[in-house]
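File shown: my_file-v8.cif. Contents: mmCIF, C-alpha atoms.
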```
data_run
loop_
_atom_site.label_atom_id
_atom_site.label_comp_id
_atom_site.auth_asym_id
_atom_site.auth_seq_id
_atom_site.Cartn_x
_atom_site.Cartn_y
_atom_site.Cartn_z
CA MET D 1 21.10 -12.27 31.34
CA SER D 2 17.63 -12.74 32.82
CA THR D 3 14.74 -13.09 30.37
CA ALA D 4 12.69 -10.73 32.56
CA THR D 5 14.94 -7.82 31.58
CA HIS D 6 13.69 -8.27 28.02
CA GLN D 7 10.01 -8.32 28.93
CA ILE D 8 7.44 -5.58 29.46
CA GLY D 9 4.36 -5.36 31.69
CA TRP D 10 0.76 -4.74 30.67
CA LYS D 11 1.08 -0.98 31.27
CA THR D 12 3.85 -0.59 28.69
CA ALA D 13 1.91 -2.86 26.32
CA ALA D 14 -1.23 -0.74 26.84
CA ALA D 15 0.89 2.38 26.27
CA ILE D 16 1.94 0.93 22.90
CA VAL D 17 -1.73 0.30 22.03
CA VAL D 18 -2.75 3.84 23.04
CA SER D 19 0.17 5.53 21.29
CA ASN D 20 -0.33 3.53 18.10
CA MET D 21 -4.01 4.49 17.97
CA ILE D 22 -4.09 8.09 19.18
CA GLY D 23 -2.12 10.09 16.71
CA THR D 24 -2.56 11.11 13.12
CA GLY D 25 -6.15 9.97 12.56
CA ILE D 26 -7.99 11.76 15.34
CA PHE D 27 -6.28 15.08 14.64
CA THR D 28 -6.66 15.04 10.84
CA THR D 29 -9.67 13.01 9.64
CA LEU D 30 -12.64 15.06 10.89
CA GLY D 31 -12.05 17.56 8.08
CA PHE D 32 -12.38 14.82 5.47
CA GLN D 33 -15.57 13.51 7.10
CA LEU D 34 -17.17 16.98 7.28
CA SER D 35 -16.90 17.30 3.50
CA ASP D 36 -19.89 14.93 3.25
CA ILE D 37 -21.19 14.16 6.77
CA THR D 38 -22.15 17.12 8.98
CA ASN D 39 -24.71 15.88 11.50
CA THR D 40 -23.15 15.45 14.97
CA TYR D 41 -25.05 12.23 15.60
CA SER D 42 -23.61 10.83 12.34
CA ILE D 43 -20.07 11.85 13.32
CA PHE D 44 -20.43 10.31 16.78
CA LEU D 45 -21.92 7.13 15.30
CA LEU D 46 -18.90 6.78 12.99
CA TRP D 47 -16.52 6.88 15.96
CA ILE D 48 -18.68 4.60 18.12
CA ILE D 49 -18.82 1.99 15.33
CA GLY D 50 -15.05 2.34 14.93
CA GLY D 51 -14.57 1.80 18.67
CA ILE D 52 -16.84 -1.26 18.73
CA LEU D 53 -15.02 -2.79 15.75
CA ALA D 54 -11.66 -2.08 17.39
CA LEU D 55 -12.82 -3.65 20.67
CA PHE D 56 -14.25 -6.72 18.90
CA GLY D 57 -11.03 -6.97 16.92
CA ALA D 58 -9.04 -6.67 20.16
CA PHE D 59 -11.00 -9.55 21.68
CA CYS D 60 -10.18 -11.69 18.63
CA TYR D 61 -6.50 -10.75 18.72
CA ALA D 62 -6.34 -11.42 22.45
CA GLU D 63 -7.37 -15.01 21.72
CA LEU D 64 -5.02 -15.31 18.75
CA GLY D 65 -2.12 -13.74 20.63
CA SER D 66 -2.65 -16.09 23.58
CA TYR D 67 -2.81 -19.17 21.33
CA PHE D 68 0.00 -18.26 18.89
CA LYS D 69 2.73 -17.29 21.35
CA GLY D 70 5.71 -15.19 20.29
CA ASN D 71 6.17 -12.10 18.16
CA GLY D 72 4.65 -11.84 14.71
CA GLY D 73 0.92 -11.13 15.00
CA ASP D 74 -0.90 -11.44 11.67
CA TYR D 75 2.12 -13.10 10.06
CA ILE D 76 1.88 -16.07 12.41
CA TYR D 77 -1.94 -16.22 12.36
CA LEU D 78 -2.24 -16.24 8.55
CA LYS D 79 0.80 -18.42 7.87
CA GLU D 80 -0.24 -21.11 10.33
CA THR D 81 -3.97 -21.03 9.51
CA TYR D 82 -4.10 -20.61 5.72
CA HIS D 83 -0.89 -20.76 3.71
CA PRO D 84 2.62 -19.28 3.92
CA VAL D 85 1.78 -16.93 1.02
CA PHE D 86 -0.70 -15.08 3.27
CA GLY D 87 1.91 -14.72 5.99
CA TYR D 88 4.35 -13.39 3.40
CA LEU D 89 1.82 -10.90 2.02
CA VAL D 90 0.72 -9.54 5.39
CA SER D 91 4.37 -9.09 6.35
CA TRP D 92 5.11 -7.33 3.05
CA ILE D 93 2.09 -5.08 3.60
CA SER D 94 3.16 -4.41 7.17
CA LEU D 95 6.64 -3.48 5.97
CA ILE D 96 5.44 -1.08 3.26
CA ILE D 97 2.01 0.09 4.45
CA GLY D 98 1.08 -1.17 7.90
CA PHE D 99 3.90 0.39 9.88
CA SER D 100 5.85 2.59 7.48
CA ALA D 101 2.93 4.59 6.03
CA PRO D 102 1.55 5.55 9.49
CA VAL D 103 5.04 6.76 10.44
CA ALA D 104 5.08 8.87 7.27
CA LEU D 105 1.58 10.24 7.96
CA ALA D 106 2.43 11.10 11.58
CA ALA D 107 5.61 12.91 10.51
CA LEU D 108 3.70 14.81 7.80
CA ALA D 109 1.03 15.77 10.34
CA MET D 110 3.76 17.04 12.68
CA SER D 111 5.11 19.23 9.89
CA LYS D 112 1.62 20.55 9.14
CA TYR D 113 0.82 21.46 12.74
CA LEU D 114 4.21 23.07 13.38
CA SER D 115 3.81 25.18 10.24
CA ALA D 116 1.38 27.33 12.24
CA PHE D 117 4.49 29.20 13.43
CA ASN D 118 4.86 30.97 10.08
CA TYR D 119 7.67 28.65 9.05
CA THR D 120 7.27 25.77 6.65
CA PHE D 121 8.38 22.49 8.21
CA GLY D 122 8.49 20.45 5.04
CA ASN D 123 9.33 16.91 4.02
CA GLY D 124 12.96 17.26 5.08
CA PHE D 125 11.93 17.96 8.67
CA ALA D 126 9.50 15.01 8.66
CA ILE D 127 12.13 12.60 7.33
CA GLY D 128 14.84 13.85 9.71
CA PHE D 129 12.57 13.39 12.71
CA ILE D 130 11.72 9.82 11.71
CA PHE D 131 15.42 8.93 11.72
CA LEU D 132 15.93 10.68 15.06
CA VAL D 133 13.24 8.50 16.67
CA ALA D 134 14.62 5.38 14.95
CA ALA D 135 18.06 6.09 16.41
CA THR D 136 16.59 6.54 19.91
CA LEU D 137 14.86 3.14 19.72
CA SER D 138 18.13 1.43 18.79
CA PHE D 139 19.89 1.56 22.19
CA SER D 140 18.05 -0.96 24.39
CA LEU D 141 14.59 -2.18 25.32
CA LYS D 142 14.83 -0.22 28.58
CA THR D 143 15.68 3.03 26.76
CA SER D 144 12.94 2.38 24.20
CA SER D 145 10.39 1.79 26.98
CA ARG D 146 11.32 4.99 28.83
CA PHE D 147 11.31 7.08 25.66
CA HIS D 148 8.02 5.63 24.46
CA ASN D 149 6.26 5.82 27.83
CA PHE D 150 7.37 9.44 28.33
CA PHE D 151 5.84 10.64 25.07
CA THR D 152 2.77 8.45 25.60
CA LEU D 153 2.31 10.17 28.98
CA ILE D 154 2.46 13.53 27.18
CA LYS D 155 -0.12 12.19 24.72
CA ILE D 156 -2.53 11.08 27.45
CA ALA D 157 -2.06 14.22 29.57
CA PHE D 158 -2.56 16.41 26.50
CA ILE D 159 -5.81 14.64 25.57
CA ILE D 160 -7.16 15.02 29.14
CA VAL D 161 -6.23 18.73 29.40
CA LEU D 162 -7.61 19.42 25.92
CA VAL D 163 -10.94 17.75 26.70
CA ILE D 164 -11.29 19.62 30.02
CA LEU D 165 -10.46 23.00 28.46
CA GLY D 166 -12.67 22.38 25.45
CA GLY D 167 -15.57 21.33 27.63
CA VAL D 168 -15.30 24.23 30.09
CA LEU D 169 -14.59 27.10 27.69
CA PRO D 170 -17.57 28.62 25.87
CA GLY D 171 -17.92 28.27 22.11
CA SER D 172 -16.16 30.89 20.01
CA ALA D 173 -17.69 33.77 18.05
CA SER D 174 -16.73 31.92 14.87
CA GLY D 175 -19.56 29.47 15.49
CA ASN D 176 -19.59 25.69 15.79
CA SER D 177 -20.31 22.51 13.84
CA LEU D 178 -22.74 20.96 16.32
CA GLU D 179 -25.88 19.82 14.53
CA PHE D 180 -28.35 17.59 16.38
CA GLY D 181 -31.16 17.53 13.81
CA THR D 182 -32.68 14.52 12.09
CA SER D 183 -30.45 14.63 8.98
CA TRP D 184 -28.36 11.80 10.46
CA GLN D 185 -31.09 9.36 9.38
CA ASP D 186 -30.33 10.19 5.75
CA GLU D 187 -26.57 10.59 6.19
CA ILE D 188 -25.98 7.08 7.57
CA MET D 189 -27.49 5.67 4.36
CA LEU D 190 -25.06 7.58 2.12
CA PRO D 191 -22.04 5.90 0.52
CA ALA D 192 -20.05 8.77 2.08
CA PHE D 193 -20.85 7.33 5.52
CA ALA D 194 -19.15 4.08 4.57
CA THR D 195 -16.14 5.83 3.04
CA SER D 196 -15.88 8.03 6.14
CA LEU D 197 -15.61 4.82 8.16
CA VAL D 198 -12.33 4.03 6.37
CA PHE D 199 -10.84 7.18 7.96
CA VAL D 200 -12.25 6.18 11.34
CA THR D 201 -11.03 2.58 11.21
CA TYR D 202 -7.58 3.87 10.30
CA SER D 203 -7.69 6.13 13.35
CA TYR D 204 -8.30 3.05 15.49
CA THR D 205 -5.51 1.09 13.81
CA GLY D 206 -3.23 -0.03 16.60
CA TRP D 207 -5.77 -1.94 18.71
CA ASN D 208 -3.89 -5.07 17.65
CA SER D 209 -0.38 -3.69 18.15
CA ALA D 210 0.44 -5.30 21.52
CA SER D 211 -0.29 -8.74 20.03
CA TYR D 212 2.64 -8.27 17.64
CA ILE D 213 5.05 -8.22 20.58
CA ALA D 214 3.38 -10.96 22.62
CA GLY D 215 6.81 -12.58 23.04
CA GLU D 216 8.03 -9.53 25.01
CA ILE D 217 5.03 -9.35 27.40
CA LYS D 218 5.18 -10.92 30.88
CA GLU D 219 2.37 -13.40 31.67
CA VAL D 220 0.99 -12.95 28.17
CA GLN D 221 -2.33 -14.77 28.69
CA LYS D 222 -3.30 -12.33 31.45
CA ASN D 223 -1.53 -9.15 30.37
CA LEU D 224 -2.13 -9.15 26.61
CA PRO D 225 -5.97 -9.06 26.86
CA ARG D 226 -5.75 -6.45 29.63
CA ALA D 227 -3.48 -4.22 27.53
CA LEU D 228 -5.66 -4.53 24.41
CA ILE D 229 -8.97 -3.91 26.14
CA VAL D 230 -7.87 -1.10 28.48
CA GLY D 231 -6.10 0.65 25.62
CA THR D 232 -9.04 0.35 23.20
CA VAL D 233 -11.72 1.54 25.67
CA PHE D 234 -9.59 4.53 26.70
CA VAL D 235 -9.03 5.53 23.09
CA THR D 236 -12.72 5.21 22.12
CA LEU D 237 -13.80 7.57 24.91
CA SER D 238 -10.97 9.96 24.05
CA TYR D 239 -11.98 10.06 20.38
CA LEU D 240 -15.61 10.89 21.13
CA LEU D 241 -14.62 13.70 23.47
CA VAL D 242 -11.97 15.16 21.14
CA ASN D 243 -14.42 15.18 18.24
CA TYR D 244 -16.97 16.96 20.41
CA ILE D 245 -14.37 19.62 21.30
CA MET D 246 -13.49 20.25 17.65
CA LEU D 247 -17.15 20.40 16.60
CA LYS D 248 -17.92 22.77 19.48
CA HIS D 249 -15.17 25.26 18.71
CA ALA D 250 -15.07 25.55 14.90
CA PRO D 251 -17.70 25.81 12.14
CA VAL D 252 -17.90 23.26 9.32
CA VAL D 253 -16.65 25.76 6.73
CA GLN D 254 -13.44 26.27 8.74
CA MET D 255 -12.62 22.56 9.03
CA ALA D 256 -14.07 20.79 5.97
CA GLY D 257 -11.36 19.34 3.75
CA LYS D 258 -8.49 20.39 6.05
CA GLU D 259 -5.90 18.23 7.80
CA ASP D 260 -5.01 20.42 10.83
CA VAL D 261 -8.57 20.54 12.20
CA MET D 262 -7.59 20.62 15.87
CA GLY D 263 -5.33 23.58 15.16
CA GLU D 264 -8.32 25.45 13.70
CA ALA D 265 -10.51 24.63 16.71
CA ALA D 266 -7.75 25.43 19.23
CA GLY D 267 -7.14 28.84 17.64
CA ASN D 268 -10.82 29.72 18.13
CA MET D 269 -10.92 28.20 21.61
CA LEU D 270 -7.78 29.74 23.12
CA GLY D 271 -6.81 32.53 20.76
CA ILE D 272 -4.11 32.39 18.11
CA GLY D 273 -1.16 32.44 20.56
CA PHE D 274 -2.38 29.68 22.88
CA GLY D 275 -3.76 27.81 19.88
CA LYS D 276 -0.19 27.51 18.58
CA ILE D 277 0.85 25.94 21.90
CA VAL D 278 -1.78 23.27 21.27
CA ASN D 279 -0.15 22.68 17.87
CA ILE D 280 3.18 22.04 19.66
CA PHE D 281 1.58 19.43 21.93
CA ILE D 282 -0.13 17.73 18.99
CA ALA D 283 3.30 17.49 17.37
CA LEU D 284 4.86 16.14 20.60
CA GLN D 285 2.23 13.45 21.06
CA LEU D 286 2.82 12.34 17.46
CA ILE D 287 6.36 11.38 18.51
CA ALA D 288 4.83 8.49 20.48
CA THR D 289 2.90 7.47 17.34
CA ILE D 290 6.12 7.36 15.29
CA SER D 291 7.89 5.50 18.12
CA GLY D 292 5.10 2.95 18.55
CA TYR D 293 4.91 2.07 14.86
CA LEU D 294 8.70 1.78 14.46
CA TRP D 295 8.93 -0.36 17.61
CA VAL D 296 6.16 -2.80 16.76
CA GLY D 297 6.72 -2.80 12.99
CA SER D 298 10.39 -3.73 13.36
CA ARG D 299 9.49 -6.78 15.50
CA LEU D 300 6.98 -7.99 12.93
CA THR D 301 9.47 -7.45 10.11
CA GLN D 302 12.12 -9.33 12.10
CA ALA D 303 9.83 -12.35 12.55
CA PHE D 304 9.05 -12.22 8.83
CA ALA D 305 12.72 -11.90 7.84
CA LYS D 306 13.82 -14.98 9.80
CA GLU D 307 11.78 -17.22 7.52
CA ASN D 308 12.25 -15.55 4.12
CA HIS D 309 15.56 -15.50 2.30
CA LEU D 310 15.14 -12.16 0.51
CA TRP D 311 14.79 -10.36 3.85
CA ARG D 312 17.07 -12.52 6.02
CA SER D 313 19.47 -9.64 6.78
CA LEU D 314 16.63 -7.72 8.51
CA ALA D 315 16.41 -10.35 11.28
CA VAL D 316 19.68 -9.25 12.88
CA ASN D 317 19.65 -7.91 16.46
CA ASN D 318 22.23 -5.63 18.03
CA LYS D 319 23.96 -6.59 21.29
CA LYS D 320 20.98 -5.32 23.29
CA GLY D 321 18.49 -7.49 21.40
CA ILE D 322 17.08 -4.65 19.26
CA PRO D 323 16.27 -5.33 15.55
CA VAL D 324 18.09 -2.18 14.38
CA ARG D 325 18.16 -3.03 10.69
CA ALA D 326 14.40 -3.55 10.63
CA ILE D 327 13.84 -0.26 12.47
CA PHE D 328 15.88 1.71 9.94
CA VAL D 329 14.35 -0.05 6.92
CA HIS D 330 10.93 1.12 8.14
CA ALA D 331 12.37 4.64 8.52
CA VAL D 332 13.70 4.57 4.94
CA ILE D 333 10.40 3.29 3.50
CA ALA D 334 8.44 5.93 5.44
CA SER D 335 10.73 8.57 3.94
CA VAL D 336 10.13 7.29 0.40
CA ILE D 337 6.35 7.33 1.01
CA ILE D 338 6.57 10.96 2.15
CA LEU D 339 8.28 11.88 -1.13
CA THR D 340 5.82 10.03 -3.41
CA GLY D 341 2.26 10.91 -2.41
CA SER D 342 -0.19 13.44 -0.97
CA PHE D 343 -1.40 13.09 2.62
CA LYS D 344 -4.94 12.07 1.66
CA GLU D 345 -3.85 9.65 -1.05
CA ILE D 346 -1.44 7.88 1.32
CA PHE D 347 -4.15 7.87 3.99
CA VAL D 348 -6.83 6.21 1.82
CA TYR D 349 -4.74 3.42 0.29
CA THR D 350 -3.17 2.70 3.68
CA ALA D 351 -6.56 2.48 5.41
CA PHE D 352 -8.05 0.33 2.62
CA ILE D 353 -5.29 -2.29 2.65
CA LEU D 354 -5.00 -2.38 6.45
CA GLN D 355 -8.74 -3.04 6.69
CA LEU D 356 -8.46 -5.83 4.12
CA PHE D 357 -5.64 -7.64 5.93
CA ALA D 358 -7.11 -7.07 9.39
CA SER D 359 -10.22 -8.84 8.09
CA LEU D 360 -8.17 -11.79 6.83
CA SER D 361 -6.43 -12.05 10.20
CA ILE D 362 -9.67 -11.82 12.18
CA SER D 363 -11.12 -14.63 10.05
CA THR D 364 -8.50 -17.02 11.46
CA VAL D 365 -10.26 -17.13 14.85
CA PHE D 366 -12.97 -19.29 13.25
CA PHE D 367 -10.33 -22.04 13.06
CA LEU D 368 -9.64 -22.00 16.80
CA LYS D 369 -11.45 -24.82 18.58
CA LYS D 370 -13.31 -24.10 21.78
CA ASP D 371 -10.70 -25.83 23.94
CA GLN D 372 -7.95 -23.80 22.25
CA ARG D 373 -9.49 -20.48 23.30
CA LYS D 374 -7.95 -19.23 26.53
CA ILE D 375 -10.19 -16.23 27.35
CA PHE D 376 -13.69 -16.50 25.81
CA LYS D 377 -15.05 -20.04 26.22
CA SER D 378 -18.63 -19.41 25.10
CA ASN D 379 -19.52 -19.77 21.41
CA LEU D 380 -21.05 -16.29 21.64
CA PHE D 381 -17.43 -15.27 21.06
CA TYR D 382 -18.05 -15.70 17.31
CA ILE D 383 -20.27 -12.59 17.36
CA PHE D 384 -17.06 -10.53 17.58
CA PRO D 385 -15.39 -11.69 14.35
CA ALA D 386 -18.73 -11.91 12.50
CA VAL D 387 -19.65 -8.27 13.20
CA PHE D 388 -16.10 -7.14 12.41
CA LEU D 389 -16.07 -8.93 9.05
CA LEU D 390 -19.53 -7.72 7.98
CA PHE D 391 -18.60 -4.09 8.60
CA SER D 392 -15.26 -4.63 6.85
CA ILE D 393 -16.96 -5.86 3.68
CA TYR D 394 -19.24 -2.80 3.79
CA ILE D 395 -16.30 -0.41 4.24
CA LEU D 396 -14.06 -2.05 1.63
CA TYR D 397 -16.77 -2.18 -1.03
CA PHE D 398 -17.63 1.52 -0.83
CA THR D 399 -13.99 2.57 -0.57
CA LEU D 400 -13.17 0.63 -3.74
CA ILE D 401 -16.14 2.17 -5.58
CA HIS D 402 -15.57 5.78 -4.47
CA ASN D 403 -11.76 5.85 -4.22
CA PRO D 404 -10.70 3.52 -7.05
CA LYS D 405 -7.30 5.16 -7.68
CA GLU D 406 -6.14 4.82 -4.07
CA SER D 407 -7.61 1.32 -3.76
CA ILE D 408 -5.79 0.17 -6.92
CA ILE D 409 -2.50 1.62 -5.62
CA GLY D 410 -2.96 -0.46 -2.46
CA LEU D 411 -3.87 -3.61 -4.40
CA GLY D 412 -0.88 -3.00 -6.69
CA ILE D 413 1.42 -3.08 -3.65
CA VAL D 414 -0.18 -6.40 -2.66
CA ALA D 415 0.35 -7.76 -6.21
CA PHE D 416 4.04 -6.79 -6.09
CA GLY D 417 4.30 -8.74 -2.84
CA LEU D 418 2.98 -11.83 -4.68
CA ILE D 419 5.75 -11.43 -7.26
CA LEU D 420 8.37 -11.19 -4.50
CA TYR D 421 6.95 -14.32 -2.85
CA ALA D 422 7.23 -16.21 -6.14
CA VAL D 423 10.85 -15.02 -6.56
CA ASP D 424 11.69 -16.01 -2.98
CA GLN D 425 10.20 -19.48 -3.45
CA ARG D 426 11.67 -20.02 -6.92
CA PHE D 427 15.24 -18.89 -6.40
CA PHE D 428 15.90 -19.00 -2.65
CA LYS D 429 14.05 -22.09 -1.49
CA LYS D 430 16.16 -24.54 0.50
CA PRO D 431 16.53 -28.00 -1.02
CA THR D 432 14.23 -30.55 0.62
CA GLU D 433 16.65 -33.45 0.26
#
```

Mind turning the file's structure into structure tokens?
Amino acid sequence: MSTATHQIGWKTAAAIVVSNMIGTGIFTTLGFQLSDITNTYSIFLLWIIGGILALFGAFCYAELGSYFKGNGGDYIYLKETYHPVFGYLVSWISLIIGFSAPVALAALAMSKYLSAFNYTFGNGFAIGFIFLVAATLSFSLKTSSRFHNFFTLIKIAFIIVLVILGGVLPGSASGNSLEFGTSWQDEIMLPAFATSLVFVTYSYTGWNSASYIAGEIKEVQKNLPRALIVGTVFVTLSYLLVNYIMLKHAPVVQMAGKEDVMGEAAGNMLGIGFGKIVNIFIALQLIATISGYLWVGSRLTQAFAKENHLWRSLAVNNKKGIPVRAIFVHAVIASVIILTGSFKEIFVYTAFILQLFASLSISTVFFLKKDQRKIFKSNLFYIFPAVFLLFSIYILYFTLIHNPKESIIGLGIVAFGLILYAVDQRFFKKPTE
């Protein structure tokens, strides 16, 4: 069988980037931000900073993905650069938090938005839908691509239509949240600004996703950077416009502290009936988010499993080359997460730990020599990881101080991974002689 049949082009790779980013975060986090930050300039600045960090991170991952060929992403970068324990930990975190928690959050958000139809779509619905998507991704790479691209197309079309409608239609009688005063100067100095950034950086999580499947991308040195950059720029512009639409069509009091903020704005913008149709499309576009995380996460878990005895059984492919066991393990873990935490709690510890490990992975680019870089030859390249890491320290510090419970839960999951690594090394290590 030709290798080309098991490879994807830059458009599918960019679709994975877009679908992994646009999803739960943009349609749920504004309410959490508005609890403390209300100036429109402050809100926009949060999302611009998030976009810049995602783009700088994408540049770094483009270099890393071009140098470290094959699937694996952070696992390969950290294992080869630092020590196998870091590769083990990032893979453990990806299994539990990085790809399973976002699937859980997307499914929970689907349930929340669909509940606008006077029927409670609870945890059972969310879990059942996760397994339905997992089953669909198990047939073949071609089927997975068609399924994923179809729902990503819905996602992109929905965002475009929503932005056009929101921009053209006048503000509602309920008022708006647009505030262009000078209070932003004080708000950006608040600890709440830094903790709001953790929600924003989570919403951009996915800018690195195509690098995890570098081994499945045709002409990776050309197509991986293109997919990462095109996907990230598109998402940044989309996020700014979607936030503007929500701020324009709903007052702060209606959105602050709520998860289904777009549903609130859409109800004001289009009326209750048409607003519910928007809820359906938000739910539909979240299918691509679930699909993207299960697809990419299973490949990373497979790469991890091949080299660690405890997880060896997860490396198995079916006849079509799909890591089905890894896909369904992510589905099971996402289901357990749904049953064990609140939406916001899951959100914060997920965002905190993902930011921590993204920072560790980004730091590995400092070990690439100039002649090993394939895309950015100038030493000005180091501005990208330096800015990313400085903002990460800022975000992580304030998140730890202001959300200690969630941060400790995340660090506890990391600590358990260290125990598993020690067990794997102690009891399953191959003899050297």

Practice problem: Would you list the contacts of Pro225 in chain D as a PyMOL selection string, taking every protein, DNA or RNA residue within 9 Å and counting all atoms listed in the file, but skipping same-chain residues closer than 6 positions in sequence? | Solution: chain D and resi 10+58-59+61-63+65-66+211+375

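Take CA of Ile401 in chain D and CA of Ala415 in chain D: the distance between them is 19.3 Å.
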
Quiz prompt | Residues within 9 Å of range 39-41 of chain D, all atoms listed in the file, excluding chain neighbours under 2 positions, as JSON, numbers by chain | solution = {"D": [34, 37, 43, 44, 45, 46, 177, 178, 179, 180, 181, 182, 183, 184, 187, 244, 247]}

Exercise. Work out how far CA of Leu137 in chain D is from CA of Arg325 in chain D, in Å to one decimal.
Key: 11.4 Å

Quiz item: Quick one, how far is CA of Ala106 in chain D from CA of Leu286 in chain D?
Solution: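 Those two atoms sit 6.0 Å apart.
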
Quiz prompt | Residues within 7 Å of (6.3, -6.4, 30.0), file coords, only C-alpha atoms, listed as an NGL selection string | solution = :D and (7-10 or 12-13 or 216-218)

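Counting all atoms listed in the file, the residue from D:Ala351, D:Val329, D:Ile96, D:Leu114 that sits nearest to Phe416 in chain D is D:Ile96.
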
Exercise. Using all atoms listed in the file, determine which residues lie at most 12 Å from Gly341 in chain D, disregarding the query and same-chain residues fewer than 3 positions distant; provide the list as a ChimeraX atom specification.
Key: /D:101,104-105,108,123,334-338,344-350,406,409

Please provide the set of residues having any atom within 10 Å of range 71-80 of chain D, restricted to only C-alpha atoms, with same-chain residues fewer than 4 positions apart removed, written as a compact mmCIF listing (two decimals) with C-alpha atoms, in the frame of the given file.
```txt
# COMPACT_ATOMS: atom_id res chain seq x y z
CA TYR D 61 -6.50 -10.75 18.72
CA LEU D 64 -5.02 -15.31 18.75
CA GLY D 65 -2.12 -13.74 20.63
CA TYR D 67 -2.81 -19.17 21.33
CA PRO D 84 2.62 -19.28 3.92
CA VAL D 85 1.78 -16.93 1.02
CA PHE D 86 -0.70 -15.08 3.27
CA GLY D 87 1.91 -14.72 5.99
CA TYR D 88 4.35 -13.39 3.40
CA LEU D 89 1.82 -10.90 2.02
CA VAL D 90 0.72 -9.54 5.39
CA SER D 91 4.37 -9.09 6.35
CA TRP D 92 5.11 -7.33 3.05
CA SER D 94 3.16 -4.41 7.17
CA ASN D 208 -3.89 -5.07 17.65
CA SER D 209 -0.38 -3.69 18.15
CA ALA D 210 0.44 -5.30 21.52
CA SER D 211 -0.29 -8.74 20.03
CA TYR D 212 2.64 -8.27 17.64
CA ILE D 213 5.05 -8.22 20.58
CA ALA D 214 3.38 -10.96 22.62
CA GLY D 215 6.81 -12.58 23.04
CA GLU D 216 8.03 -9.53 25.01
CA ILE D 217 5.03 -9.35 27.40
CA VAL D 296 6.16 -2.80 16.76
CA GLY D 297 6.72 -2.80 12.99
CA ARG D 299 9.49 -6.78 15.50
CA LEU D 300 6.98 -7.99 12.93
CA THR D 301 9.47 -7.45 10.11
CA GLN D 302 12.12 -9.33 12.10
CA ALA D 303 9.83 -12.35 12.55
CA PHE D 304 9.05 -12.22 8.83
CA PHE D 357 -5.64 -7.64 5.93
CA ALA D 358 -7.11 -7.07 9.39
CA LEU D 360 -8.17 -11.79 6.83
CA SER D 361 -6.43 -12.05 10.20
CA ILE D 362 -9.67 -11.82 12.18
CA SER D 363 -11.12 -14.63 10.05
CA THR D 364 -8.50 -17.02 11.46
CA VAL D 365 -10.26 -17.13 14.85
```

Write out as a tab-separated table a residue-level contact list of range 8-53 of chain D versus range 380-399 of chain D with cut-off 12 Å: for each qualifying residue the closest pair of atoms and the distance in Å to one decimal, counting only C-alpha atoms, rows sorted by chain and residue number upward.
```
residue	atom	partner	partner_atom	distance
D:Leu46	CA	D:Ile395	CA	11.6
D:Ile49	CA	D:Phe391	CA	9.1
D:Gly50	CA	D:Phe391	CA	9.7
D:Gly51	CA	D:Phe388	CA	11.0
D:Ile52	CA	D:Phe388	CA	8.7
D:Leu53	CA	D:Phe388	CA	5.6
```

Output for the residues just chosen: C-alpha atoms as a PDB file, keeping the file's coordinate frame:
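Output contents, as saved in part_32.pdb:
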```pdb
ATOM      1  CA  LEU D  46     -18.900   6.780  12.990  1.00  0.00           C
ATOM      2  CA  ILE D  49     -18.820   1.990  15.330  1.00  0.00           C
ATOM      3  CA  GLY D  50     -15.050   2.340  14.930  1.00  0.00           C
ATOM      4  CA  GLY D  51     -14.570   1.800  18.670  1.00  0.00           C
ATOM      5  CA  ILE D  52     -16.840  -1.260  18.730  1.00  0.00           C
ATOM      6  CA  LEU D  53     -15.020  -2.790  15.750  1.00  0.00           C
TER       7      LEU D  53
END
```

Exercise. Spell out the residues picked by the PyMOL selection byres ((chain D and resi 266-274) around 12) here, as a ChimeraX atom specification.
Key: /D:27,113,116-117,162-163,165-176,242,245-251,254-255,260-265,275-282

Writing out the chosen residues with C-alpha atoms as a short mmCIF file (atom, residue, chain, number, x, y, z; two decimals), keeping the file's coordinate frame:
```
data_model
loop_
_atom_site.label_atom_id
_atom_site.label_comp_id
_atom_site.auth_asym_id
_atom_site.auth_seq_id
_atom_site.Cartn_x
_atom_site.Cartn_y
_atom_site.Cartn_z
CA PHE D 27 -6.28 15.08 14.64
CA TYR D 113 0.82 21.46 12.74
CA ALA D 116 1.38 27.33 12.24
CA PHE D 117 4.49 29.20 13.43
CA LEU D 162 -7.61 19.42 25.92
CA VAL D 163 -10.94 17.75 26.70
CA LEU D 165 -10.46 23.00 28.46
CA GLY D 166 -12.67 22.38 25.45
CA GLY D 167 -15.57 21.33 27.63
CA VAL D 168 -15.30 24.23 30.09
CA LEU D 169 -14.59 27.10 27.69
CA PRO D 170 -17.57 28.62 25.87
CA GLY D 171 -17.92 28.27 22.11
CA SER D 172 -16.16 30.89 20.01
CA ALA D 173 -17.69 33.77 18.05
CA SER D 174 -16.73 31.92 14.87
CA GLY D 175 -19.56 29.47 15.49
CA ASN D 176 -19.59 25.69 15.79
CA VAL D 242 -11.97 15.16 21.14
CA ILE D 245 -14.37 19.62 21.30
CA MET D 246 -13.49 20.25 17.65
CA LEU D 247 -17.15 20.40 16.60
CA LYS D 248 -17.92 22.77 19.48
CA HIS D 249 -15.17 25.26 18.71
CA ALA D 250 -15.07 25.55 14.90
CA PRO D 251 -17.70 25.81 12.14
CA GLN D 254 -13.44 26.27 8.74
CA MET D 255 -12.62 22.56 9.03
CA ASP D 260 -5.01 20.42 10.83
CA VAL D 261 -8.57 20.54 12.20
CA MET D 262 -7.59 20.62 15.87
CA GLY D 263 -5.33 23.58 15.16
CA GLU D 264 -8.32 25.45 13.70
CA ALA D 265 -10.51 24.63 16.71
CA GLY D 275 -3.76 27.81 19.88
CA LYS D 276 -0.19 27.51 18.58
CA ILE D 277 0.85 25.94 21.90
CA VAL D 278 -1.78 23.27 21.27
CA ASN D 279 -0.15 22.68 17.87
CA ILE D 280 3.18 22.04 19.66
CA PHE D 281 1.58 19.43 21.93
CA ILE D 282 -0.13 17.73 18.99
#
```
